[in-house]
$ cat data18.tsv   # TSV, N, CA and C atoms
chain	number	residue	atom	x	y	z
C	28	MET	N	-32.04	-2.26	29.73
C	28	MET	CA	-31.08	-1.83	30.74
C	28	MET	C	-29.97	-2.88	30.80
C	29	THR	N	-28.75	-2.44	30.90
C	29	THR	CA	-27.63	-3.37	30.96
C	29	THR	C	-27.49	-3.94	32.35
C	30	ARG	N	-26.73	-4.99	32.42
C	30	ARG	CA	-26.55	-5.67	33.71
C	30	ARG	C	-25.82	-4.76	34.72
C	31	SER	N	-24.81	-4.02	34.30
C	31	SER	CA	-24.08	-3.13	35.22
C	31	SER	C	-24.95	-1.95	35.65
C	32	GLY	N	-25.83	-1.48	34.76
C	32	GLY	CA	-26.75	-0.40	35.12
C	32	GLY	C	-27.76	-0.87	36.15
C	33	GLY	N	-28.22	-2.10	36.06
C	33	GLY	CA	-29.15	-2.66	37.03
C	33	GLY	C	-28.50	-2.83	38.39
C	34	ARG	N	-27.24	-3.23	38.38
C	34	ARG	CA	-26.52	-3.38	39.65
C	34	ARG	C	-26.32	-2.03	40.32
C	35	ARG	N	-26.05	-1.03	39.52
C	35	ARG	CA	-25.85	0.31	40.08
C	35	ARG	C	-27.11	0.75	40.83
C	36	TRP	N	-28.28	0.54	40.21
C	36	TRP	CA	-29.55	0.90	40.86
C	36	TRP	C	-29.80	0.04	42.09
C	37	LEU	N	-29.42	-1.22	42.03
C	37	LEU	CA	-29.59	-2.11	43.17
C	37	LEU	C	-28.73	-1.65	44.35
C	38	PHE	N	-27.48	-1.28	44.08
C	38	PHE	CA	-26.61	-0.79	45.15
C	38	PHE	C	-27.11	0.55	45.70
C	39	LEU	N	-27.61	1.39	44.83
C	39	LEU	CA	-28.16	2.67	45.28
C	39	LEU	C	-29.38	2.45	46.17
C	40	ALA	N	-30.25	1.53	45.76
C	40	ALA	CA	-31.44	1.22	46.57
C	40	ALA	C	-31.02	0.61	47.91
C	41	LEU	N	-30.03	-0.26	47.90
C	41	LEU	CA	-29.55	-0.88	49.14
C	41	LEU	C	-28.96	0.19	50.07
C	42	ALA	N	-28.20	1.13	49.51
C	42	ALA	CA	-27.63	2.21	50.32
C	42	ALA	C	-28.74	3.07	50.93
C	43	LEU	N	-29.76	3.38	50.14
C	43	LEU	CA	-30.88	4.17	50.67
C	43	LEU	C	-31.62	3.44	51.77
C	44	VAL	N	-31.80	2.14	51.63
C	44	VAL	CA	-32.46	1.34	52.67
C	44	VAL	C	-31.63	1.35	53.94
C	45	LEU	N	-30.31	1.22	53.81
C	45	LEU	CA	-29.43	1.24	54.99
C	45	LEU	C	-29.46	2.61	55.68
C	46	VAL	N	-29.45	3.68	54.91
C	46	VAL	CA	-29.52	5.02	55.49
C	46	VAL	C	-30.86	5.22	56.19
C	47	ALA	N	-31.94	4.77	55.58
C	47	ALA	CA	-33.27	4.90	56.20
C	47	ALA	C	-33.36	4.08	57.48
C	48	ALA	N	-32.78	2.88	57.49
C	48	ALA	CA	-32.79	2.04	58.69
C	48	ALA	C	-31.97	2.70	59.81
C	49	ALA	N	-30.81	3.25	59.46
C	49	ALA	CA	-29.99	3.92	60.46
C	49	ALA	C	-30.72	5.14	61.02
C	50	ALA	N	-31.37	5.89	60.15
C	50	ALA	CA	-32.12	7.06	60.61
C	50	ALA	C	-33.28	6.64	61.50
C	51	ALA	N	-33.96	5.55	61.16
C	51	ALA	CA	-35.08	5.08	61.96
C	51	ALA	C	-34.63	4.64	63.35
C	52	LEU	N	-33.42	4.15	63.47
C	52	LEU	CA	-32.91	3.74	64.78
C	52	LEU	C	-32.30	4.91	65.56
C	53	TRP	N	-31.66	5.83	64.88
C	53	TRP	CA	-30.95	6.91	65.55
C	53	TRP	C	-31.82	8.11	65.87
C	54	LEU	N	-32.70	8.52	64.97
C	54	LEU	CA	-33.49	9.74	65.17
C	54	LEU	C	-34.37	9.74	66.41
C	55	PRO	N	-35.09	8.67	66.75
C	55	PRO	CA	-35.91	8.72	67.97
C	55	PRO	C	-35.08	8.94	69.25
C	56	THR	N	-33.93	8.32	69.32
C	56	THR	CA	-33.06	8.50	70.49
C	56	THR	C	-32.54	9.92	70.55
C	57	TRP	N	-32.12	10.44	69.41
C	57	TRP	CA	-31.63	11.82	69.35
C	57	TRP	C	-32.73	12.78	69.77
C	58	TRP	N	-33.94	12.58	69.29
C	58	TRP	CA	-35.05	13.48	69.59
C	58	TRP	C	-35.40	13.43	71.09
C	59	LYS	N	-35.41	12.23	71.68
C	59	LYS	CA	-35.70	12.09	73.10
C	59	LYS	C	-34.64	12.80	73.94
C	60	ASN	N	-33.39	12.63	73.60
C	60	ASN	CA	-32.31	13.30	74.33
C	60	ASN	C	-32.41	14.82	74.20
C	61	ARG	N	-32.79	15.30	73.03
C	61	ARG	CA	-32.98	16.73	72.82
C	61	ARG	C	-34.09	17.26	73.72
C	62	LEU	N	-35.20	16.56	73.76
C	62	LEU	CA	-36.32	16.97	74.62
C	62	LEU	C	-35.94	16.93	76.10
C	63	ASP	N	-35.17	15.91	76.48
C	63	ASP	CA	-34.73	15.82	77.88
C	63	ASP	C	-33.86	17.01	78.25
C	64	ARG	N	-32.94	17.42	77.37
C	64	ARG	CA	-32.09	18.57	77.65
C	64	ARG	C	-32.92	19.85	77.79
C	65	GLN	N	-33.92	20.00	76.92
C	65	GLN	CA	-34.78	21.18	77.00
C	65	GLN	C	-35.61	21.18	78.28
C	66	THR	N	-36.12	20.02	78.67
C	66	THR	CA	-36.90	19.91	79.90
C	66	THR	C	-36.03	20.24	81.12
C	67	GLU	N	-34.81	19.75	81.13
C	67	GLU	CA	-33.91	20.04	82.24
C	67	GLU	C	-33.57	21.53	82.30
C	68	ALA	N	-33.40	22.15	81.16
C	68	ALA	CA	-33.11	23.59	81.14
C	68	ALA	C	-34.29	24.39	81.70
C	69	ILE	N	-35.50	24.01	81.34
C	69	ILE	CA	-36.69	24.69	81.85
C	69	ILE	C	-36.84	24.48	83.35
C	70	ALA	N	-36.52	23.27	83.81
C	70	ALA	CA	-36.65	22.96	85.23
C	70	ALA	C	-35.51	23.52	86.08
C	71	GLY	N	-34.46	24.02	85.43
C	71	GLY	CA	-33.34	24.60	86.17
C	71	GLY	C	-32.36	23.58	86.69
C	72	VAL	N	-32.31	22.42	86.07
C	72	VAL	CA	-31.38	21.39	86.50
C	72	VAL	C	-29.94	21.90	86.35
C	73	GLY	N	-29.20	21.81	87.42
C	73	GLY	CA	-27.80	22.21	87.39
C	73	GLY	C	-27.57	23.71	87.35
C	74	ALA	N	-28.58	24.51	87.73
C	74	ALA	CA	-28.40	25.96	87.75
C	74	ALA	C	-27.28	26.30	88.73
C	75	ARG	N	-26.54	27.34	88.40
C	75	ARG	CA	-25.37	27.66	89.22
C	75	ARG	C	-25.74	28.49	90.44
C	76	VAL	N	-25.02	28.25	91.50
C	76	VAL	CA	-25.15	29.05	92.73
C	76	VAL	C	-24.12	30.16	92.63
C	77	LEU	N	-24.59	31.38	92.76
C	77	LEU	CA	-23.72	32.55	92.58
C	77	LEU	C	-22.96	32.88	93.86
C	78	PRO	N	-21.79	33.51	93.73
C	78	PRO	CA	-21.05	33.92	94.93
C	78	PRO	C	-21.74	35.09	95.61
C	79	GLY	N	-21.49	35.23	96.89
C	79	GLY	CA	-22.09	36.32	97.66
C	79	GLY	C	-23.34	35.86	98.38
C	80	SER	N	-24.17	36.83	98.78
C	80	SER	CA	-25.39	36.49	99.49
C	80	SER	C	-26.58	37.19	98.83
C	81	ALA	N	-27.76	36.66	99.09
C	81	ALA	CA	-28.98	37.22	98.52
C	81	ALA	C	-29.23	38.63	99.06
C	82	GLY	N	-28.93	38.85	100.32
C	82	GLY	CA	-29.13	40.17	100.91
C	82	GLY	C	-28.24	41.23	100.28
C	83	GLU	N	-26.97	40.88	100.04
C	83	GLU	CA	-26.05	41.82	99.40
C	83	GLU	C	-26.53	42.17	97.99
C	84	ALA	N	-26.97	41.17	97.26
C	84	ALA	CA	-27.45	41.39	95.90
C	84	ALA	C	-28.70	42.24	95.89
C	85	ARG	N	-29.59	42.02	96.84
C	85	ARG	CA	-30.84	42.78	96.90
C	85	ARG	C	-30.58	44.26	97.14
C	86	ARG	N	-29.56	44.57	97.94
C	86	ARG	CA	-29.25	45.98	98.23
C	86	ARG	C	-28.71	46.71	97.00
C	87	LYS	N	-28.25	45.98	95.99
C	87	LYS	CA	-27.67	46.60	94.79
C	87	LYS	C	-28.71	46.93	93.72
C	88	ILE	N	-29.95	46.48	93.88
C	88	ILE	CA	-30.95	46.71	92.83
C	88	ILE	C	-32.21	47.35	93.40
C	89	ASP	N	-32.95	48.03	92.53
C	89	ASP	CA	-34.19	48.71	92.92
C	89	ASP	C	-35.24	48.54	91.83
C	90	PRO	N	-36.53	48.60	92.18
C	90	PRO	CA	-37.56	48.58	91.14
C	90	PRO	C	-37.37	49.74	90.16
C	91	GLY	N	-37.67	49.48	88.89
C	91	GLY	CA	-37.50	50.48	87.85
C	91	GLY	C	-36.15	50.46	87.18
C	92	MET	N	-35.22	49.66	87.72
C	92	MET	CA	-33.88	49.58	87.16
C	92	MET	C	-33.93	48.82	85.82
C	93	PRO	N	-33.24	49.30	84.78
C	93	PRO	CA	-33.20	48.57	83.51
C	93	PRO	C	-32.42	47.26	83.65
C	94	SER	N	-32.75	46.30	82.81
C	94	SER	CA	-32.12	44.98	82.89
C	94	SER	C	-30.61	45.05	82.68
C	95	GLU	N	-30.15	45.97	81.83
C	95	GLU	CA	-28.70	46.09	81.59
C	95	GLU	C	-27.97	46.49	82.87
C	96	LYS	N	-28.55	47.42	83.63
C	96	LYS	CA	-27.93	47.83	84.89
C	96	LYS	C	-28.02	46.73	85.94
C	97	LEU	N	-29.10	45.96	85.89
C	97	LEU	CA	-29.25	44.82	86.80
C	97	LEU	C	-28.14	43.80	86.56
C	98	VAL	N	-27.90	43.47	85.30
C	98	VAL	CA	-26.83	42.53	84.97
C	98	VAL	C	-25.47	43.09	85.37
C	99	ALA	N	-25.27	44.38	85.16
C	99	ALA	CA	-24.00	45.00	85.55
C	99	ALA	C	-23.82	44.98	87.07
C	100	ALA	N	-24.91	45.13	87.81
C	100	ALA	CA	-24.82	45.19	89.27
C	100	ALA	C	-24.60	43.82	89.91
C	101	ILE	N	-25.34	42.80	89.46
C	101	ILE	CA	-25.25	41.50	90.15
C	101	ILE	C	-24.96	40.33	89.22
C	102	GLY	N	-24.89	40.54	87.93
C	102	GLY	CA	-24.52	39.47	87.00
C	102	GLY	C	-25.73	38.80	86.36
C	103	ARG	N	-25.44	37.80	85.53
C	103	ARG	CA	-26.46	37.04	84.84
C	103	ARG	C	-27.20	36.13	85.83
C	104	PRO	N	-28.49	35.89	85.60
C	104	PRO	CA	-29.25	35.04	86.52
C	104	PRO	C	-28.86	33.57	86.40
C	105	SER	N	-29.15	32.82	87.45
C	105	SER	CA	-28.94	31.38	87.42
C	105	SER	C	-29.93	30.70	86.49
C	106	LEU	N	-31.14	31.26	86.44
C	106	LEU	CA	-32.21	30.69	85.64
C	106	LEU	C	-33.08	31.83	85.15
C	107	SER	N	-33.48	31.81	83.88
C	107	SER	CA	-34.34	32.89	83.38
C	107	SER	C	-35.42	32.32	82.47
C	108	VAL	N	-36.58	32.99	82.49
C	108	VAL	CA	-37.71	32.64	81.65
C	108	VAL	C	-38.17	33.92	80.98
C	109	HIS	N	-38.49	33.85	79.68
C	109	HIS	CA	-38.87	35.03	78.91
C	109	HIS	C	-40.13	34.75	78.12
C	110	THR	N	-41.05	35.71	78.10
C	110	THR	CA	-42.25	35.61	77.26
C	110	THR	C	-42.39	36.89	76.46
C	111	ASP	N	-42.90	36.73	75.24
C	111	ASP	CA	-43.16	37.87	74.36
C	111	ASP	C	-44.65	38.01	74.16
C	112	GLY	N	-45.07	39.21	73.91
C	112	GLY	CA	-46.46	39.52	73.62
C	112	GLY	C	-46.55	41.00	73.33
C	113	SER	N	-47.62	41.64	73.76
C	113	SER	CA	-47.70	43.08	73.57
C	113	SER	C	-46.64	43.78	74.42
C	114	SER	N	-46.19	43.11	75.46
C	114	SER	CA	-45.03	43.55	76.24
C	114	SER	C	-44.23	42.30	76.59
C	115	THR	N	-42.97	42.49	76.95
C	115	THR	CA	-42.13	41.35	77.30
C	115	THR	C	-42.10	41.19	78.81
C	116	HIS	N	-42.05	39.95	79.24
C	116	HIS	CA	-41.97	39.64	80.67
C	116	HIS	C	-40.83	38.66	80.88
C	117	ASP	N	-40.06	38.91	81.91
C	117	ASP	CA	-38.94	38.04	82.26
C	117	ASP	C	-39.03	37.71	83.73
C	118	LEU	N	-38.62	36.50	84.05
C	118	LEU	CA	-38.52	36.06	85.43
C	118	LEU	C	-37.10	35.54	85.60
C	119	TRP	N	-36.30	36.29	86.34
C	119	TRP	CA	-34.91	35.93	86.56
C	119	TRP	C	-34.76	35.43	87.98
C	120	THR	N	-34.12	34.27	88.11
C	120	THR	CA	-33.89	33.67	89.42
C	120	THR	C	-32.40	33.61	89.69
C	121	TYR	N	-32.02	34.13	90.84
C	121	TYR	CA	-30.63	34.13	91.27
C	121	TYR	C	-30.53	33.22	92.49
C	122	TYR	N	-29.67	32.19	92.41
C	122	TYR	CA	-29.45	31.27	93.53
C	122	TYR	C	-28.17	31.67	94.25
C	123	TYR	N	-28.28	31.84	95.55
C	123	TYR	CA	-27.13	32.10	96.41
C	123	TYR	C	-27.12	31.02	97.49
C	124	ALA	N	-25.98	30.85	98.15
C	124	ALA	CA	-25.87	29.81	99.16
C	124	ALA	C	-26.87	30.03	100.30
C	125	ASP	N	-27.19	31.29	100.60
C	125	ASP	CA	-28.08	31.58	101.73
C	125	ASP	C	-29.52	31.87	101.31
C	126	GLY	N	-29.83	31.84	100.02
C	126	GLY	CA	-31.21	32.12	99.62
C	126	GLY	C	-31.38	32.27	98.12
C	127	THR	N	-32.61	32.55	97.75
C	127	THR	CA	-32.98	32.69	96.34
C	127	THR	C	-33.64	34.05	96.15
C	128	MET	N	-33.22	34.75	95.10
C	128	MET	CA	-33.84	36.02	94.77
C	128	MET	C	-34.48	35.89	93.39
C	129	THR	N	-35.76	36.27	93.30
C	129	THR	CA	-36.50	36.22	92.04
C	129	THR	C	-36.84	37.65	91.64
C	130	VAL	N	-36.48	38.00	90.40
C	130	VAL	CA	-36.71	39.35	89.90
C	130	VAL	C	-37.67	39.26	88.72
C	131	ASN	N	-38.78	40.00	88.80
C	131	ASN	CA	-39.75	40.09	87.70
C	131	ASN	C	-39.46	41.35	86.91
C	132	LEU	N	-39.32	41.20	85.59
C	132	LEU	CA	-39.08	42.34	84.72
C	132	LEU	C	-40.20	42.43	83.69
C	133	THR	N	-40.63	43.65	83.40
C	133	THR	CA	-41.59	43.90	82.33
C	133	THR	C	-40.98	44.94	81.42
C	134	ASP	N	-40.91	44.62	80.13
C	134	ASP	CA	-40.31	45.50	79.13
C	134	ASP	C	-38.90	45.94	79.52
C	135	GLY	N	-38.15	45.03	80.13
C	135	GLY	CA	-36.76	45.30	80.48
C	135	GLY	C	-36.54	46.11	81.74
C	136	LEU	N	-37.60	46.36	82.51
C	136	LEU	CA	-37.47	47.11	83.76
C	136	LEU	C	-37.86	46.24	84.94
C	137	VAL	N	-37.12	46.35	86.04
C	137	VAL	CA	-37.42	45.57	87.24
C	137	VAL	C	-38.75	46.04	87.81
C	138	GLN	N	-39.65	45.10	88.04
C	138	GLN	CA	-40.96	45.42	88.62
C	138	GLN	C	-41.06	44.96	90.07
C	139	ARG	N	-40.71	43.70	90.33
C	139	ARG	CA	-40.82	43.13	91.67
C	139	ARG	C	-39.56	42.32	91.98
C	140	ILE	N	-39.23	42.28	93.26
C	140	ILE	CA	-38.07	41.52	93.73
C	140	ILE	C	-38.53	40.71	94.93
C	141	ALA	N	-38.33	39.40	94.86
C	141	ALA	CA	-38.73	38.51	95.96
C	141	ALA	C	-37.50	37.80	96.50
C	142	LEU	N	-37.45	37.66	97.82
C	142	LEU	CA	-36.34	36.96	98.46
C	142	LEU	C	-36.87	35.79	99.29
C	143	ASP	N	-36.12	34.72	99.28
C	143	ASP	CA	-36.41	33.56	100.12
C	143	ASP	C	-35.10	33.18	100.79
C	144	PHE	N	-34.98	33.41	102.08
C	144	PHE	CA	-33.73	33.16	102.79
C	144	PHE	C	-33.64	31.73	103.30
C	145	HIS	N	-33.70	30.79	102.39
C	145	HIS	CA	-33.46	29.38	102.66
C	145	HIS	C	-32.49	28.90	101.60
C	146	PRO	N	-31.65	27.94	101.92
C	146	PRO	CA	-30.76	27.41	100.88
C	146	PRO	C	-31.59	26.93	99.67
C	147	PRO	N	-31.13	27.21	98.46
C	147	PRO	CA	-31.91	26.85	97.28
C	147	PRO	C	-31.99	25.34	97.08
C	148	ASN	N	-33.11	24.91	96.54
C	148	ASN	CA	-33.30	23.50	96.20
C	148	ASN	C	-33.20	23.40	94.68
C	149	ILE	N	-32.01	23.13	94.20
C	149	ILE	CA	-31.74	23.06	92.77
C	149	ILE	C	-31.83	21.60	92.34
C	150	PRO	N	-32.72	21.29	91.38
C	150	PRO	CA	-32.85	19.89	90.94
C	150	PRO	C	-31.60	19.40	90.23
C	151	THR	N	-31.32	18.12	90.38
C	151	THR	CA	-30.18	17.51	89.69
C	151	THR	C	-30.63	16.69	88.49
C	152	SER	N	-31.92	16.37	88.42
C	152	SER	CA	-32.44	15.67	87.25
C	152	SER	C	-33.97	15.86	87.24
C	153	VAL	N	-34.54	15.56	86.09
C	153	VAL	CA	-35.98	15.64	85.93
C	153	VAL	C	-36.55	14.24	86.12
C	154	ARG	N	-37.43	14.09	87.10
C	154	ARG	CA	-38.02	12.76	87.35
C	154	ARG	C	-39.15	12.51	86.36
C	155	ARG	N	-39.29	11.30	85.97
C	155	ARG	CA	-40.34	10.92	85.02
C	155	ARG	C	-41.33	10.03	85.71
$ encode --input "data18.tsv" --output "structure tokens"
Amino acid sequence: MTRSGGRRWLFLALALVLVAAAAALWLPTWWKNRLDRQTEAIAGVGARVLPGSAGEARRKIDPGMPSEKLVAAIGRPSLSVHTDGSSTHDLWTYYYADGTMTVNLTDGLVQRIALDFHPPNIPTSVRR
């Protein structure tokens, strides 16, 4: 092997070591921040408070209503959870200044509607 060919491999190996070191320092922080964002989304951190009142929104929807009509009537939820299986289940939470409305959907149809007429307690961060 010539001297210049050996140097080329040495520089390539040095570059790979530097990239590996940078990845070893950067990837754990990136992964932790990614998990924190996902945890906050699940916990509803920073969920929006919708205009209007919970009572007004409740009068616009009925059990058996399809999810598309629900969204058309009162808008997208502040927080939603979805599960798949032999049937789909959704839990949509709507935050209003005067209360919280929780809508349970099965296979895209409204099944149950719950109201809590207290100002919502929306978390601002996830405690560890």
$ residues_around --input "data18.tsv" --residues "Thr120 in chain C" --least-positions-apart "5" --cutoff "6 Å" --atoms "all atoms listed in the file" --output "ChimeraX atom specification"
/C:104-107,128-130
$ axis_aligned_box --input "data18.tsv" --around "range 53-56 of chain C" --padding-each-side "8 Å" --output "lines of an AutoDock Vina configuration file"
center_x = -33.4
center_y = 7.9
center_z = 67.7
size_x = 21.0
size_y = 20.1
size_z = 21.7
$ select_by_dssp --input "data18.tsv" --residues "chain C" --states "strand (DSSP E or B)" --output "number ranges by chain"
C: 76-77, 93, 106-110, 116-123, 126-133, 136-143
$ closest_residue --input "data18.tsv" --among "C:Gly82, C:Pro90, C:Leu118, C:Ala99" --to "Leu142 in chain C" --atoms "all atoms listed in the file"
C:Gly82
$ atom_distance --input "data18.tsv" --atom1 "atom N of Ile149 in chain C" --atom2 "atom C of Gly71 in chain C"
7.5 Å
$ atom_distance --input "data18.tsv" --atom1 "CA of Pro78 in chain C" --atom2 "CA of Ile140 in chain C"
18.7 Å
$ residues_around --input "data18.tsv" --residues "Ala124 in chain C" --least-positions-apart "2" --cutoff "8 Å" --atoms "all atoms listed in the file" --output "list in words"
Val76, Leu77, Pro78, Gly79, Ser80, Ala81, Tyr121, Tyr122, Gly126, Thr127, Phe144, His145, Pro146 and Pro147 of chain C
$ residues_around --input "data18.tsv" --residues "Lys87 in chain C" --least-positions-apart "2" --cutoff "8 Å" --atoms "only N, CA and C atoms" --output "number ranges by chain"
C: 82-85, 89, 96-97, 100-101
$ atom_distance --input "data18.tsv" --atom1 "atom N of Val108 in chain C" --atom2 "atom N of Gly91 in chain C"
17.7 Å
$ residues_near_point --input "data18.tsv" --point "(-37.6, 46.2, 82.1)" --cutoff "10 Å" --atoms "only C-alpha atoms" --output "PDB file with N, CA and C atoms, keeping the file's coordinate frame"
ATOM      1  N   PRO C  90     -36.530  48.600  92.180  1.00  0.00           N
ATOM      2  CA  PRO C  90     -37.560  48.580  91.140  1.00  0.00           C
ATOM      3  C   PRO C  90     -37.370  49.740  90.160  1.00  0.00           C
ATOM      4  N   GLY C  91     -37.670  49.480  88.890  1.00  0.00           N
ATOM      5  CA  GLY C  91     -37.500  50.480  87.850  1.00  0.00           C
ATOM      6  C   GLY C  91     -36.150  50.460  87.180  1.00  0.00           C
ATOM      7  N   MET C  92     -35.220  49.660  87.720  1.00  0.00           N
ATOM      8  CA  MET C  92     -33.880  49.580  87.160  1.00  0.00           C
ATOM      9  C   MET C  92     -33.930  48.820  85.820  1.00  0.00           C
ATOM     10  N   PRO C  93     -33.240  49.300  84.780  1.00  0.00           N
ATOM     11  CA  PRO C  93     -33.200  48.570  83.510  1.00  0.00           C
ATOM     12  C   PRO C  93     -32.420  47.260  83.650  1.00  0.00           C
ATOM     13  N   SER C  94     -32.750  46.300  82.810  1.00  0.00           N
ATOM     14  CA  SER C  94     -32.120  44.980  82.890  1.00  0.00           C
ATOM     15  C   SER C  94     -30.610  45.050  82.680  1.00  0.00           C
ATOM     16  N   GLU C  95     -30.150  45.970  81.830  1.00  0.00           N
ATOM     17  CA  GLU C  95     -28.700  46.090  81.590  1.00  0.00           C
ATOM     18  C   GLU C  95     -27.970  46.490  82.870  1.00  0.00           C
ATOM     19  N   LEU C  97     -29.100  45.960  85.890  1.00  0.00           N
ATOM     20  CA  LEU C  97     -29.250  44.820  86.800  1.00  0.00           C
ATOM     21  C   LEU C  97     -28.140  43.800  86.560  1.00  0.00           C
ATOM     22  N   SER C 114     -46.190  43.110  75.460  1.00  0.00           N
ATOM     23  CA  SER C 114     -45.030  43.550  76.240  1.00  0.00           C
ATOM     24  C   SER C 114     -44.230  42.300  76.590  1.00  0.00           C
ATOM     25  N   THR C 115     -42.970  42.490  76.950  1.00  0.00           N
ATOM     26  CA  THR C 115     -42.130  41.350  77.300  1.00  0.00           C
ATOM     27  C   THR C 115     -42.100  41.190  78.810  1.00  0.00           C
ATOM     28  N   HIS C 116     -42.050  39.950  79.240  1.00  0.00           N
ATOM     29  CA  HIS C 116     -41.970  39.640  80.670  1.00  0.00           C
ATOM     30  C   HIS C 116     -40.830  38.660  80.880  1.00  0.00           C
ATOM     31  N   ASP C 117     -40.060  38.910  81.910  1.00  0.00           N
ATOM     32  CA  ASP C 117     -38.940  38.040  82.260  1.00  0.00           C
ATOM     33  C   ASP C 117     -39.030  37.710  83.730  1.00  0.00           C
ATOM     34  N   ASN C 131     -38.780  40.000  88.800  1.00  0.00           N
ATOM     35  CA  ASN C 131     -39.750  40.090  87.700  1.00  0.00           C
ATOM     36  C   ASN C 131     -39.460  41.350  86.910  1.00  0.00           C
ATOM     37  N   LEU C 132     -39.320  41.200  85.590  1.00  0.00           N
ATOM     38  CA  LEU C 132     -39.080  42.340  84.720  1.00  0.00           C
ATOM     39  C   LEU C 132     -40.200  42.430  83.690  1.00  0.00           C
ATOM     40  N   THR C 133     -40.630  43.650  83.400  1.00  0.00           N
ATOM     41  CA  THR C 133     -41.590  43.900  82.330  1.00  0.00           C
ATOM     42  C   THR C 133     -40.980  44.940  81.420  1.00  0.00           C
ATOM     43  N   ASP C 134     -40.910  44.620  80.130  1.00  0.00           N
ATOM     44  CA  ASP C 134     -40.310  45.500  79.130  1.00  0.00           C
ATOM     45  C   ASP C 134     -38.900  45.940  79.520  1.00  0.00           C
ATOM     46  N   GLY C 135     -38.150  45.030  80.130  1.00  0.00           N
ATOM     47  CA  GLY C 135     -36.760  45.300  80.480  1.00  0.00           C
ATOM     48  C   GLY C 135     -36.540  46.110  81.740  1.00  0.00           C
ATOM     49  N   LEU C 136     -37.600  46.360  82.510  1.00  0.00           N
ATOM     50  CA  LEU C 136     -37.470  47.110  83.760  1.00  0.00           C
ATOM     51  C   LEU C 136     -37.860  46.240  84.940  1.00  0.00           C
ATOM     52  N   VAL C 137     -37.120  46.350  86.040  1.00  0.00           N
ATOM     53  CA  VAL C 137     -37.420  45.570  87.240  1.00  0.00           C
ATOM     54  C   VAL C 137     -38.750  46.040  87.810  1.00  0.00           C
ATOM     55  N   GLN C 138     -39.650  45.100  88.040  1.00  0.00           N
ATOM     56  CA  GLN C 138     -40.960  45.420  88.620  1.00  0.00           C
ATOM     57  C   GLN C 138     -41.060  44.960  90.070  1.00  0.00           C
TER      58      GLN C 138
END
$ decode --input "data18.tsv" --residues "range 94-114 of chain C" --atoms "C-alpha atoms" --output "PDB file, in the first residue's frame"
ATOM      1  CA  SER C  94     -67.741  11.426  13.872  1.00  0.00           C
ATOM      2  CA  GLU C  95     -67.759  13.511  10.667  1.00  0.00           C
ATOM      3  CA  LYS C  96     -70.984  15.247  11.718  1.00  0.00           C
ATOM      4  CA  LEU C  97     -69.595  15.699  15.234  1.00  0.00           C
ATOM      5  CA  VAL C  98     -66.542  17.507  13.855  1.00  0.00           C
ATOM      6  CA  ALA C  99     -68.762  19.600  11.592  1.00  0.00           C
ATOM      7  CA  ALA C 100     -71.013  20.533  14.533  1.00  0.00           C
ATOM      8  CA  ILE C 101     -68.449  21.448  17.203  1.00  0.00           C
ATOM      9  CA  GLY C 102     -64.984  21.136  15.625  1.00  0.00           C
ATOM     10  CA  ARG C 103     -61.873  19.075  16.308  1.00  0.00           C
ATOM     11  CA  PRO C 104     -61.289  17.921  19.901  1.00  0.00           C
ATOM     12  CA  SER C 105     -58.718  19.484  22.201  1.00  0.00           C
ATOM     13  CA  LEU C 106     -57.345  16.025  22.958  1.00  0.00           C
ATOM     14  CA  SER C 107     -58.057  12.650  21.353  1.00  0.00           C
ATOM     15  CA  VAL C 108     -57.087   9.031  21.984  1.00  0.00           C
ATOM     16  CA  HIS C 109     -57.642   6.224  19.458  1.00  0.00           C
ATOM     17  CA  THR C 110     -57.402   2.437  19.728  1.00  0.00           C
ATOM     18  CA  ASP C 111     -57.741  -0.206  17.031  1.00  0.00           C
ATOM     19  CA  GLY C 112     -58.899  -3.764  17.373  1.00  0.00           C
ATOM     20  CA  SER C 113     -61.909  -5.711  16.195  1.00  0.00           C
ATOM     21  CA  SER C 114     -63.616  -2.326  16.482  1.00  0.00           C
TER      22      SER C 114
END
